[in-house]
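Asks: Next comes target.tsv, TSV, C-alpha atoms:
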chain	number	residue	atom	x	y	z
A	1	MET	CA	0.00	0.00	0.00
A	2	THR	CA	1.13	3.49	-0.73
A	3	LEU	CA	1.09	6.30	1.80
A	4	GLU	CA	-1.88	7.87	0.00
A	5	GLU	CA	-3.84	4.61	0.24
A	6	LEU	CA	-3.06	4.29	3.95
A	7	VAL	CA	-4.15	7.86	4.64
A	8	ALA	CA	-7.34	7.34	2.59
A	9	CYS	CA	-8.17	4.16	4.54
A	10	ASP	CA	-7.56	5.94	7.85
A	11	ASN	CA	-9.72	8.91	6.78
A	12	THR	CA	-12.52	6.55	5.69
A	13	ALA	CA	-12.45	4.69	9.01
A	14	GLN	CA	-12.45	7.98	10.91
A	15	LYS	CA	-15.35	9.30	8.81
A	16	MET	CA	-17.38	6.13	9.42
A	17	GLN	CA	-16.74	6.41	13.16
A	18	THR	CA	-17.88	10.05	13.13
A	19	VAL	CA	-21.03	9.18	11.18
A	20	SER	CA	-21.71	6.21	13.45
A	21	GLU	CA	-21.58	8.49	16.49
A	22	ALA	CA	-23.78	11.04	14.70
A	23	VAL	CA	-26.36	8.31	13.98
A	24	GLU	CA	-26.43	7.35	17.64
A	25	GLN	CA	-26.85	10.99	18.71
A	26	LEU	CA	-29.58	11.48	16.13
A	27	LEU	CA	-31.51	8.39	17.25
A	28	VAL	CA	-31.41	9.39	20.91
A	29	ALA	CA	-32.49	12.96	20.14
A	30	ALA	CA	-35.24	11.84	17.74
A	31	GLN	CA	-36.55	9.32	20.25
A	32	ARG	CA	-36.77	12.04	22.92
A	33	GLN	CA	-38.77	14.19	20.50
A	34	ASP	CA	-41.00	11.25	19.50
A	35	CYS	CA	-39.72	11.48	15.91
A	36	LEU	CA	-38.89	7.79	15.39
A	37	THR	CA	-40.92	5.11	13.69
A	38	VAL	CA	-39.60	1.64	14.41
A	39	GLY	CA	-40.42	-1.51	12.43
A	40	VAL	CA	-40.69	-2.51	8.79
A	41	TYR	CA	-44.50	-2.51	8.68
A	42	GLU	CA	-44.89	0.63	10.78
A	43	SER	CA	-42.37	2.41	8.54
A	44	ALA	CA	-44.13	1.30	5.36
A	45	LYS	CA	-47.44	2.59	6.73
A	46	LEU	CA	-45.96	5.99	7.62
A	47	MET	CA	-44.21	6.38	4.26
A	48	ASN	CA	-47.45	5.56	2.49
A	49	VAL	CA	-49.40	8.18	4.48
A	50	ASP	CA	-46.83	10.98	4.93
A	51	PRO	CA	-43.54	10.46	3.04
A	52	ASP	CA	-42.69	14.18	3.23
A	53	SER	CA	-42.26	13.95	7.01
A	54	VAL	CA	-39.44	11.36	6.73
A	55	VAL	CA	-35.87	12.72	6.69
A	56	LEU	CA	-33.88	9.49	7.16
A	57	CYS	CA	-34.43	5.77	6.76
A	58	LEU	CA	-32.14	3.35	8.60
A	59	LEU	CA	-32.12	-0.24	7.38
A	60	ALA	CA	-30.47	-2.38	10.03
A	61	ILE	CA	-29.28	-5.92	9.48
A	62	ASP	CA	-26.64	-8.23	10.85
A	63	GLU	CA	-24.93	-11.15	9.13
A	64	GLU	CA	-27.34	-13.74	10.49
A	65	ASP	CA	-30.28	-11.92	8.86
A	66	GLU	CA	-28.63	-11.55	5.43
A	67	GLY	CA	-30.29	-14.77	4.21
A	68	ASP	CA	-33.80	-13.64	5.18
A	69	ILE	CA	-35.39	-13.30	1.74
A	70	ALA	CA	-38.58	-11.64	3.03
A	71	LEU	CA	-36.55	-8.99	4.84
A	72	GLN	CA	-34.42	-8.37	1.73
A	73	ILE	CA	-37.58	-7.89	-0.35
A	74	HIS	CA	-38.92	-5.40	2.22
A	75	PHE	CA	-35.59	-3.55	2.15
A	76	THR	CA	-35.61	-3.39	-1.65
A	77	LEU	CA	-39.13	-1.95	-1.71
A	78	ILE	CA	-38.36	0.54	1.08
A	79	GLN	CA	-35.15	1.64	-0.67
A	80	ALA	CA	-37.02	2.19	-3.94
A	81	PHE	CA	-39.68	4.23	-2.16
A	82	CYS	CA	-37.03	6.31	-0.37
A	83	CYS	CA	-35.19	7.00	-3.63
A	84	ASP	CA	-38.43	8.08	-5.31
A	85	ASN	CA	-39.21	10.44	-2.43
A	86	ASP	CA	-35.69	11.86	-1.88
A	87	ILE	CA	-35.34	10.29	1.57
A	88	ASP	CA	-31.79	9.61	2.76
A	89	ILE	CA	-31.13	5.91	3.35
A	90	LEU	CA	-28.42	4.41	5.52
A	91	ARG	CA	-27.66	0.71	5.89
A	92	VAL	CA	-26.52	-0.17	9.42
A	93	SER	CA	-25.08	-3.24	11.08
A	94	GLY	CA	-24.73	-3.75	14.82
A	95	MET	CA	-28.24	-4.62	15.94
A	96	GLN	CA	-27.18	-5.11	19.58
A	97	ARG	CA	-25.67	-1.62	19.72
A	98	LEU	CA	-28.75	-0.22	18.01
A	99	ALA	CA	-30.99	-1.86	20.62
A	100	LYS	CA	-28.83	-0.37	23.40
A	101	VAL	CA	-28.96	3.12	21.88
A	102	LEU	CA	-32.75	2.90	21.70
A	103	GLY	CA	-33.02	1.58	25.25
A	104	GLU	CA	-34.27	-1.87	24.31
A	105	SER	CA	-33.86	-4.29	27.17
A	106	ALA	CA	-33.00	-7.96	26.67
A	107	ASP	CA	-34.38	-8.66	30.16
A	108	ASP	CA	-37.82	-7.51	29.16
A	109	ASN	CA	-40.39	-10.30	28.84
A	110	SER	CA	-42.24	-8.38	26.15
A	111	GLU	CA	-41.80	-8.98	22.44
A	112	PRO	CA	-38.70	-7.11	21.17
A	113	ARG	CA	-39.38	-4.35	18.64
A	114	ASP	CA	-38.45	-4.89	15.01
A	115	LEU	CA	-35.37	-2.68	14.64
A	116	HIS	CA	-34.71	-3.61	11.01
A	117	CYS	CA	-36.24	-0.38	9.72
A	118	ILE	CA	-36.21	2.93	11.57
A	119	LEU	CA	-37.51	6.20	10.20
A	120	VAL	CA	-36.54	9.58	11.54
A	121	THR	CA	-39.31	12.06	10.91
A	122	ASN	CA	-39.03	15.79	10.55
A	123	PRO	CA	-39.52	17.50	13.90
A	124	HIS	CA	-41.88	20.43	14.22
A	125	THR	CA	-39.14	22.31	16.03
A	126	ASP	CA	-35.54	22.84	14.99
A	127	SER	CA	-34.22	22.21	18.50
A	128	TRP	CA	-32.51	18.86	17.82
A	129	LYS	CA	-32.06	18.97	14.05
A	130	SER	CA	-28.36	19.76	14.23
A	131	GLN	CA	-27.58	16.85	16.57
A	132	GLY	CA	-26.28	14.37	14.05
A	133	LEU	CA	-28.80	14.90	11.25
A	134	GLU	CA	-26.58	17.26	9.26
A	135	GLU	CA	-23.58	14.93	9.57
A	136	VAL	CA	-25.61	11.90	8.46
A	137	ALA	CA	-27.29	13.77	5.59
A	138	SER	CA	-23.89	15.03	4.42
A	139	TYR	CA	-22.48	11.48	4.51
A	140	CYS	CA	-25.44	10.17	2.50
A	141	GLU	CA	-25.06	12.93	-0.09
A	142	GLU	CA	-21.31	12.35	-0.34
A	143	SER	CA	-21.91	8.62	-0.82
A	144	ARG	CA	-24.45	9.26	-3.59
A	145	CYS	CA	-21.88	11.45	-5.35
A	146	ASN	CA	-19.57	8.42	-5.28
A	147	ASN	CA	-22.35	6.22	-6.76
A	148	GLN	CA	-23.00	4.45	-3.47
A	149	TRP	CA	-26.77	4.91	-3.28
A	150	VAL	CA	-27.23	3.14	0.03
A	151	PRO	CA	-24.23	3.90	2.25
A	152	TYR	CA	-23.27	1.49	4.99
A	153	ILE	CA	-22.00	2.02	8.52
A	154	SER	CA	-21.38	-0.27	11.44
A	155	LEU	CA	-22.45	0.58	14.97
A	156	LEU	CA	-19.76	-0.78	17.25
A	157	GLU	CA	-20.15	-1.89	20.85
A	158	ARG	CA	-18.55	0.39	23.38
For this file, produce the structure as structure tokens.
Replies:
Amino acid sequence: MTLEELVACDNTAQKMQTVSEAVEQLLVAAQRQDCLTVGVYESAKLMNVDPDSVVLCLLAIDEEDEGDIALQIHFTLIQAFCCDNDIDILRVSGMQRLAKVLGESADDNSEPRDLHCILVTNPHTDSWKSQGLEEVASYCEESRCNNQWVPYISLLER
């Protein structure tokens, strides 16, 4: 590897870490403002009724779910809908970290929520908009400019 390639790899890793942290901040802030829709079916319903309110779509999947054909079909349809409606899409791995960020408890006896699709909706106030949303939107736009229509990040355990 050349020095330029090493620096580029380091910059990419650093950028992904920054975006990963921004996603976590955004999810926490959006959840506090009740601006999250969680679940594939719930997300599809919201996008059908009010697509203009959606500012970001997170599609979360880990390796063990990659073979789930039904989930992949849902993702394909959701991605197409998001592209048609100019909604930023971000593919995320690290379901356990995602559950922690959203305060999901493994101890709970209730049915766990479907975290495979999460929509962030536009808040009626601008109070939390800057907390991660600009960073994530910028990353998505930058990725599209590089012909990566659905950028990918990994949420790492801390």
Asks: Which residue out of A:Val49, A:Met95, A:Ile78, A:Leu58 has the minimum interatomic distance to Cys140 (chain A) when all atoms listed in the file are used?
Replies: A:Leu58
Asks: Leaving out Glu135 (chain A) and any residue of its chain fewer than 4 positions from it, which residues lie within 12 Å of it when counting only C-alpha atoms, given as a VMD selection string?
Replies: chain A and resid 15 to 26 56 88 129 to 131 139 to 142
Asks: So how far away is CA of Cys57 (chain A) from CA of Glu134 (chain A), in Å?
Replies: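 Calculated distance between CA of Glu134 (chain A) and CA of Cys57 (chain A) is 14.1 Å.
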Asks: Which neighbours of Tyr152 (chain A) fall inside 7 Å, counting only C-alpha atoms, when residues of the same chain fewer than 5 positions from it are skipped, and could you give them as a list of chain:residue names?
Replies: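 The residues satisfying every condition are A:Leu90, A:Arg91, A:Val92.
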Asks: May I have the selected residues written with C-alpha atoms, as a compact mmCIF listing (two decimals), in the frame of the given file?
Replies:
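As written to disk, part26.txt reads:
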# COMPACT_ATOMS: atom_id res chain seq x y z
CA LEU A 90 -28.42 4.41 5.52
CA ARG A 91 -27.66 0.71 5.89
CA VAL A 92 -26.52 -0.17 9.42
Asks: I need the residue nearest Leu27 (chain A) from this list: A:Ala44, A:Leu133, A:Leu71, A:Ala60. Use all atoms listed in the file for the distance.
Replies: A:Leu133
Asks: Please report the interatomic distance between CA of Val38 (chain A) and CA of Leu102 (chain A) in Å with one decimal.
Replies: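 So the answer is 10.1 Å.
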Asks: May I have the residues within 8 Å of Val40 (chain A) as a ChimeraX atom specification, using only C-alpha atoms and disregarding those fewer than 6 positions away in the same chain?
Replies: /A:74,114-118
Asks: Using only C-alpha atoms, can you tell me which of A:Ser138, A:Ser43, A:Ser53, A:Ser105 comes closest to Asn122 (chain A)?
Replies: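 Using only C-alpha atoms, the shortest distance to Asn122 (chain A) belongs to A:Ser53.
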Asks: Take CA of Gln96 (chain A) and CA of Asp65 (chain A) and report the distance between them in Å, one decimal.
Replies: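 Pair CA of Gln96 (chain A) / CA of Asp65 (chain A) returns 13.1 Å.
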